[in-house]
Amino acid sequence: MRSFLIAGNWKMNASPSEGVEKARIIQQKLSGKNLHNTLLICPSFITIPAVQGELHHASVKVGAQNVSEQEDGAYTGEVSTGMLKDAGCKYVITGHSERREYYHETSELIARKTKKVLESGLKPILCVGEKLESRKAGDQEKIVADQLKPVFDTIPSHLARNMVIAYEPVWAIGTGETATPEQAQEMHASIRKMISDSWGDEIATSIQILYGGSMKPANAEELLSQPDVDGGLIGGASLQPESFLEILEIAESLV
Ligand code: PEP
């Protein structure tokens, strides 16, 4: 049985002191509570140590939003997997649509980063998802398959079992528009089938597939109730500790 991963992507929000404030609220509300699921916070690089220092709960983890594909050396402005591990990170988001769109990250680069993350012992949350015009043309599965192909080609199955995939339709990110539970389930099931075709059934059954795109307390229950939705990657609603924790509570009620 897969548990839920409720992951917050703070994007370029929350300075170290603001991050501490949010993390303190989360720590205080969860202190002494036993969770069935995992809560993950992905602050900006500079806010990671401050947030990490406030969290002392076995089921609450910290992750990064991006990473270098390189080990170390002369790569000005980059951050390595080793640095993230040393700072206490357990997860790294790779291939977020904002990285693809604004920083021109290709699916091949993203596959290499994802492999690097896996080799380091961190867990990648690999994001895939179509734009609105592809959804309108009914091409969404082809787009996602094309985004996943270099990942299947690059990553061997023994590494793949530690992956998380996030289906994030671009038209639903930060727009207030959400995929219907049926649209989410349909895509999640087809991603699971693609995983099974490439890495086998056992891995396809165990990999968590998250939904991302305007998830909030009001729609979390219907999305998380879908059989192939194993959590959420949450932007806007994760910036408010109260709404983020409300989504976690919904996940807890569904286990
Ligand atoms: C995201 O950034 O991954 C995301 C899903 O954002 P939002 O929840 O704000 O749509």
# chains A, B, ... in the order shown; residues from 1 in each chain; ligands from 1
$ residues_near_ligand --ligand "ligand 1" --cutoff "6 Å" --atoms "only C-alpha atoms and all ligand atoms" --output "mmCIF file with C-alpha atoms, in the first residue's frame"
data_model
loop_
_atom_site.group_PDB
_atom_site.id
_atom_site.type_symbol
_atom_site.label_atom_id
_atom_site.label_comp_id
_atom_site.auth_asym_id
_atom_site.auth_seq_id
_atom_site.Cartn_x
_atom_site.Cartn_y
_atom_site.Cartn_z
ATOM 1 C CA ASN A 9 6.910 23.866 -3.285
ATOM 2 C CA ALA A 172 -3.475 24.146 -13.607
ATOM 3 C CA ILE A 173 -0.320 25.520 -11.930
ATOM 4 C CA GLY A 174 -0.920 28.746 -10.052
ATOM 5 C CA GLY A 212 0.102 19.151 -8.755
ATOM 6 C CA GLY A 213 -1.906 22.127 -9.955
ATOM 7 C CA SER A 214 -3.909 24.362 -7.620
ATOM 8 C CA MET A 215 -4.430 21.653 -5.012
ATOM 9 C CA LEU A 233 2.817 18.804 -5.058
ATOM 10 C CA ILE A 234 1.406 22.029 -3.762
ATOM 11 C CA GLY A 235 2.540 25.560 -4.555
ATOM 12 C CA GLY A 236 0.298 28.420 -3.395
#
$ closest_atom_pairs --of "segment 42-156 of chain A" --to "segment 239-249 of chain A" --cutoff "12 Å" --atoms "only C-alpha atoms" --output "Markdown table"
| residue | atom | partner | partner_atom | distance |
| --- | --- | --- | --- | --- |
| A:Cys42 | CA | A:Leu239 | CA | 10.5 |
| A:Pro43 | CA | A:Leu239 | CA | 9.8 |
| A:Ser59 | CA | A:Leu248 | CA | 11.3 |
| A:Val60 | CA | A:Leu248 | CA | 10.9 |
$ closest_residue --among "A:Ala179, A:Ile48, A:Leu126, A:Ala111" --to "Gly88 of chain A" --atoms "only C-alpha atoms"
A:Ile48
$ residues_around --residues "Ser44 of chain A" --least-positions-apart "6" --cutoff "12 Å" --atoms "only C-alpha atoms" --output "list in words"
Gly8, Asn9, Trp10, Lys11, Met12, Asn13, Ala14, Ser15, Pro16, Glu18, Gly19, Ala50, Val51, Gln52, Val62, Gly63, Ala64, Gln65, Asn66, Val67, Val79, Leu84, Cys89, Val92 and Ile93 of chain A
$ select_by_dssp --residues "segment 2-239 of chain A" --states "strand (DSSP E or B)" --output "number ranges by chain"
A: 5-9, 38-42, 60-64, 91-94, 123-128, 164-167, 208-212, 231-234
$ closest_residue --among "A:Gly73, A:Thr81, A:Ala87, A:Leu148" --to "Ile46 of chain A" --atoms "only C-alpha atoms"
A:Ala87
$ residues_around --residues "Gly231 of chain A" --least-positions-apart "3" --cutoff "6 Å" --atoms "only C-alpha atoms" --output "list in words"
Phe4, Leu5, Ile6 and Leu210 of chain A
$ residues_around --residues "segment 190-198 of chain A" --least-positions-apart "5" --cutoff "7 Å" --atoms "only C-alpha atoms" --output "list in words"
Phe152, Ile203 and Ala204 of chain A
$ closest_residue --among "A:Thr205, A:Asn219, A:Gln27, A:Thr154" --to "Gly176 of chain A" --atoms "only C-alpha atoms"
A:Asn219
$ closest_residue --among "A:Gly32, A:Lys136, A:Glu186, A:Ala166" --to "Asp230 of chain A" --atoms "only C-alpha atoms"
A:Ala166
$ closest_residue --among "A:Gln140, A:Ser17, A:Ser157, A:Ser68" --to "Lys113 of chain A" --atoms "only C-alpha atoms"
A:Ser68
$ atom_distance --atom1 "atom CA of Pro227 of chain A" --atom2 "atom CA of Lys33 of chain A"
26.0 Å
$ atom_distance --atom1 "atom CA of Glu108 of chain A" --atom2 "atom CA of Gly138 of chain A"
23.9 Å
$ select_by_dssp --residues "segment 84-246 of chain A" --states "helix (DSSP H, G or I)" --output "number ranges by chain"
A: 84-86, 97-102, 107-120, 132-136, 140-154, 157-160, 170-172, 181-199, 201-206, 217-224, 236-238, 241-246
$ write_last_selection --atoms "C-alpha atoms" --output "PDB file, in the first residue's frame"
ATOM      1  CA  LEU A  84      21.733  19.278  -0.304  1.00  0.00           C
ATOM      2  CA  LYS A  85      22.336  16.047   1.585  1.00  0.00           C
ATOM      3  CA  ASP A  86      24.684  17.819   3.981  1.00  0.00           C
ATOM      4  CA  SER A  97       7.426  23.288 -15.548  1.00  0.00           C
ATOM      5  CA  GLU A  98       8.859  26.664 -14.483  1.00  0.00           C
ATOM      6  CA  ARG A  99      12.382  25.235 -14.914  1.00  0.00           C
ATOM      7  CA  ARG A 100      11.412  23.848 -18.319  1.00  0.00           C
ATOM      8  CA  GLU A 101       9.718  27.072 -19.442  1.00  0.00           C
ATOM      9  CA  TYR A 102      11.858  29.911 -17.987  1.00  0.00           C
ATOM     10  CA  SER A 107      13.799  16.588 -20.852  1.00  0.00           C
ATOM     11  CA  GLU A 108      17.297  15.151 -21.469  1.00  0.00           C
ATOM     12  CA  LEU A 109      18.932  17.491 -18.925  1.00  0.00           C
ATOM     13  CA  ILE A 110      16.130  16.763 -16.478  1.00  0.00           C
ATOM     14  CA  ALA A 111      16.680  13.016 -16.913  1.00  0.00           C
ATOM     15  CA  ARG A 112      20.394  13.472 -16.140  1.00  0.00           C
ATOM     16  CA  LYS A 113      19.622  15.557 -13.051  1.00  0.00           C
ATOM     17  CA  THR A 114      17.069  12.978 -11.916  1.00  0.00           C
ATOM     18  CA  LYS A 115      19.636  10.195 -12.305  1.00  0.00           C
ATOM     19  CA  LYS A 116      22.208  12.225 -10.370  1.00  0.00           C
ATOM     20  CA  VAL A 117      19.697  12.719  -7.554  1.00  0.00           C
ATOM     21  CA  LEU A 118      18.975   8.984  -7.404  1.00  0.00           C
ATOM     22  CA  GLU A 119      22.669   8.072  -7.441  1.00  0.00           C
ATOM     23  CA  SER A 120      23.245  10.425  -4.502  1.00  0.00           C
ATOM     24  CA  LEU A 132      -3.227  23.949 -22.296  1.00  0.00           C
ATOM     25  CA  GLU A 133      -2.961  23.732 -26.099  1.00  0.00           C
ATOM     26  CA  SER A 134      -1.857  20.103 -25.857  1.00  0.00           C
ATOM     27  CA  ARG A 135      -4.723  19.278 -23.522  1.00  0.00           C
ATOM     28  CA  LYS A 136      -7.157  20.965 -25.928  1.00  0.00           C
ATOM     29  CA  GLN A 140      -1.567  15.195 -23.191  1.00  0.00           C
ATOM     30  CA  GLU A 141      -0.485  11.561 -22.973  1.00  0.00           C
ATOM     31  CA  LYS A 142       1.934  11.904 -25.875  1.00  0.00           C
ATOM     32  CA  ILE A 143       3.522  14.993 -24.271  1.00  0.00           C
ATOM     33  CA  VAL A 144       3.976  13.226 -20.947  1.00  0.00           C
ATOM     34  CA  ALA A 145       5.327  10.101 -22.672  1.00  0.00           C
ATOM     35  CA  ASP A 146       7.854  12.277 -24.560  1.00  0.00           C
ATOM     36  CA  GLN A 147       8.921  13.931 -21.283  1.00  0.00           C
ATOM     37  CA  LEU A 148       9.355  10.542 -19.619  1.00  0.00           C
ATOM     38  CA  LYS A 149      11.178   8.803 -22.482  1.00  0.00           C
ATOM     39  CA  PRO A 150      14.686  10.158 -21.681  1.00  0.00           C
ATOM     40  CA  VAL A 151      14.080   9.247 -18.034  1.00  0.00           C
ATOM     41  CA  PHE A 152      13.237   5.644 -18.947  1.00  0.00           C
ATOM     42  CA  ASP A 153      16.225   5.570 -21.332  1.00  0.00           C
ATOM     43  CA  THR A 154      18.677   6.986 -18.756  1.00  0.00           C
ATOM     44  CA  SER A 157      15.274   0.035 -12.782  1.00  0.00           C
ATOM     45  CA  HIS A 158      17.328  -0.548  -9.616  1.00  0.00           C
ATOM     46  CA  LEU A 159      17.548   3.244  -9.177  1.00  0.00           C
ATOM     47  CA  ALA A 160      14.005   3.935 -10.336  1.00  0.00           C
ATOM     48  CA  VAL A 170       0.812  23.367 -16.727  1.00  0.00           C
ATOM     49  CA  TRP A 171      -2.614  24.957 -17.231  1.00  0.00           C
ATOM     50  CA  ALA A 172      -3.475  24.146 -13.607  1.00  0.00           C
ATOM     51  CA  PRO A 181     -10.308  14.018 -10.358  1.00  0.00           C
ATOM     52  CA  GLU A 182     -11.126  11.973 -13.477  1.00  0.00           C
ATOM     53  CA  GLN A 183      -8.521  13.810 -15.597  1.00  0.00           C
ATOM     54  CA  ALA A 184      -5.922  13.321 -12.856  1.00  0.00           C
ATOM     55  CA  GLN A 185      -6.743   9.630 -12.391  1.00  0.00           C
ATOM     56  CA  GLU A 186      -6.672   8.983 -16.150  1.00  0.00           C
ATOM     57  CA  MET A 187      -3.192  10.486 -16.534  1.00  0.00           C
ATOM     58  CA  HIS A 188      -1.838   8.914 -13.348  1.00  0.00           C
ATOM     59  CA  ALA A 189      -3.017   5.487 -14.504  1.00  0.00           C
ATOM     60  CA  SER A 190      -1.383   5.958 -17.872  1.00  0.00           C
ATOM     61  CA  ILE A 191       1.902   7.131 -16.262  1.00  0.00           C
ATOM     62  CA  ARG A 192       1.803   3.994 -14.101  1.00  0.00           C
ATOM     63  CA  LYS A 193       1.322   1.916 -17.247  1.00  0.00           C
ATOM     64  CA  MET A 194       4.330   3.651 -18.890  1.00  0.00           C
ATOM     65  CA  ILE A 195       6.422   2.891 -15.789  1.00  0.00           C
ATOM     66  CA  SER A 196       5.319  -0.724 -15.878  1.00  0.00           C
ATOM     67  CA  ASP A 197       6.233  -1.033 -19.570  1.00  0.00           C
ATOM     68  CA  SER A 198       9.741   0.353 -18.905  1.00  0.00           C
ATOM     69  CA  TRP A 199      10.673  -0.750 -15.396  1.00  0.00           C
ATOM     70  CA  ASP A 201       5.109  -4.040 -12.554  1.00  0.00           C
ATOM     71  CA  GLU A 202       6.715  -4.133  -9.133  1.00  0.00           C
ATOM     72  CA  ILE A 203       8.232  -0.654  -9.537  1.00  0.00           C
ATOM     73  CA  ALA A 204       5.085   0.713 -11.165  1.00  0.00           C
ATOM     74  CA  THR A 205       3.053  -0.435  -8.162  1.00  0.00           C
ATOM     75  CA  SER A 206       5.395   1.077  -5.592  1.00  0.00           C
ATOM     76  CA  PRO A 217      -8.087  22.027   1.070  1.00  0.00           C
ATOM     77  CA  ALA A 218     -11.301  22.417  -0.943  1.00  0.00           C
ATOM     78  CA  ASN A 219     -10.292  19.966  -3.681  1.00  0.00           C
ATOM     79  CA  ALA A 220      -7.705  17.747  -1.970  1.00  0.00           C
ATOM     80  CA  GLU A 221     -10.105  15.045  -0.833  1.00  0.00           C
ATOM     81  CA  GLU A 222     -11.541  14.270  -4.252  1.00  0.00           C
ATOM     82  CA  LEU A 223      -8.085  14.297  -5.868  1.00  0.00           C
ATOM     83  CA  LEU A 224      -6.403  12.198  -3.166  1.00  0.00           C
ATOM     84  CA  GLY A 236       0.298  28.420  -3.395  1.00  0.00           C
ATOM     85  CA  ALA A 237      -1.566  26.532  -0.663  1.00  0.00           C
ATOM     86  CA  SER A 238       1.691  25.287   0.899  1.00  0.00           C
ATOM     87  CA  PRO A 241       0.902  26.525   7.098  1.00  0.00           C
ATOM     88  CA  GLU A 242      -2.790  26.221   8.008  1.00  0.00           C
ATOM     89  CA  SER A 243      -3.963  25.253   4.526  1.00  0.00           C
ATOM     90  CA  PHE A 244      -0.940  23.021   3.971  1.00  0.00           C
ATOM     91  CA  LEU A 245      -1.667  21.172   7.217  1.00  0.00           C
ATOM     92  CA  GLU A 246      -5.343  20.930   6.296  1.00  0.00           C
TER      93      GLU A 246
END
$ atom_distance --atom1 "atom CA of Lys216 of chain A" --atom2 "atom CA of Tyr167 of chain A"
15.7 Å
$ closest_residue --among "A:Ala251, A:Ala74, A:Met163, A:Val20" --to "Thr38 of chain A" --atoms "only C-alpha atoms"
A:Ala251
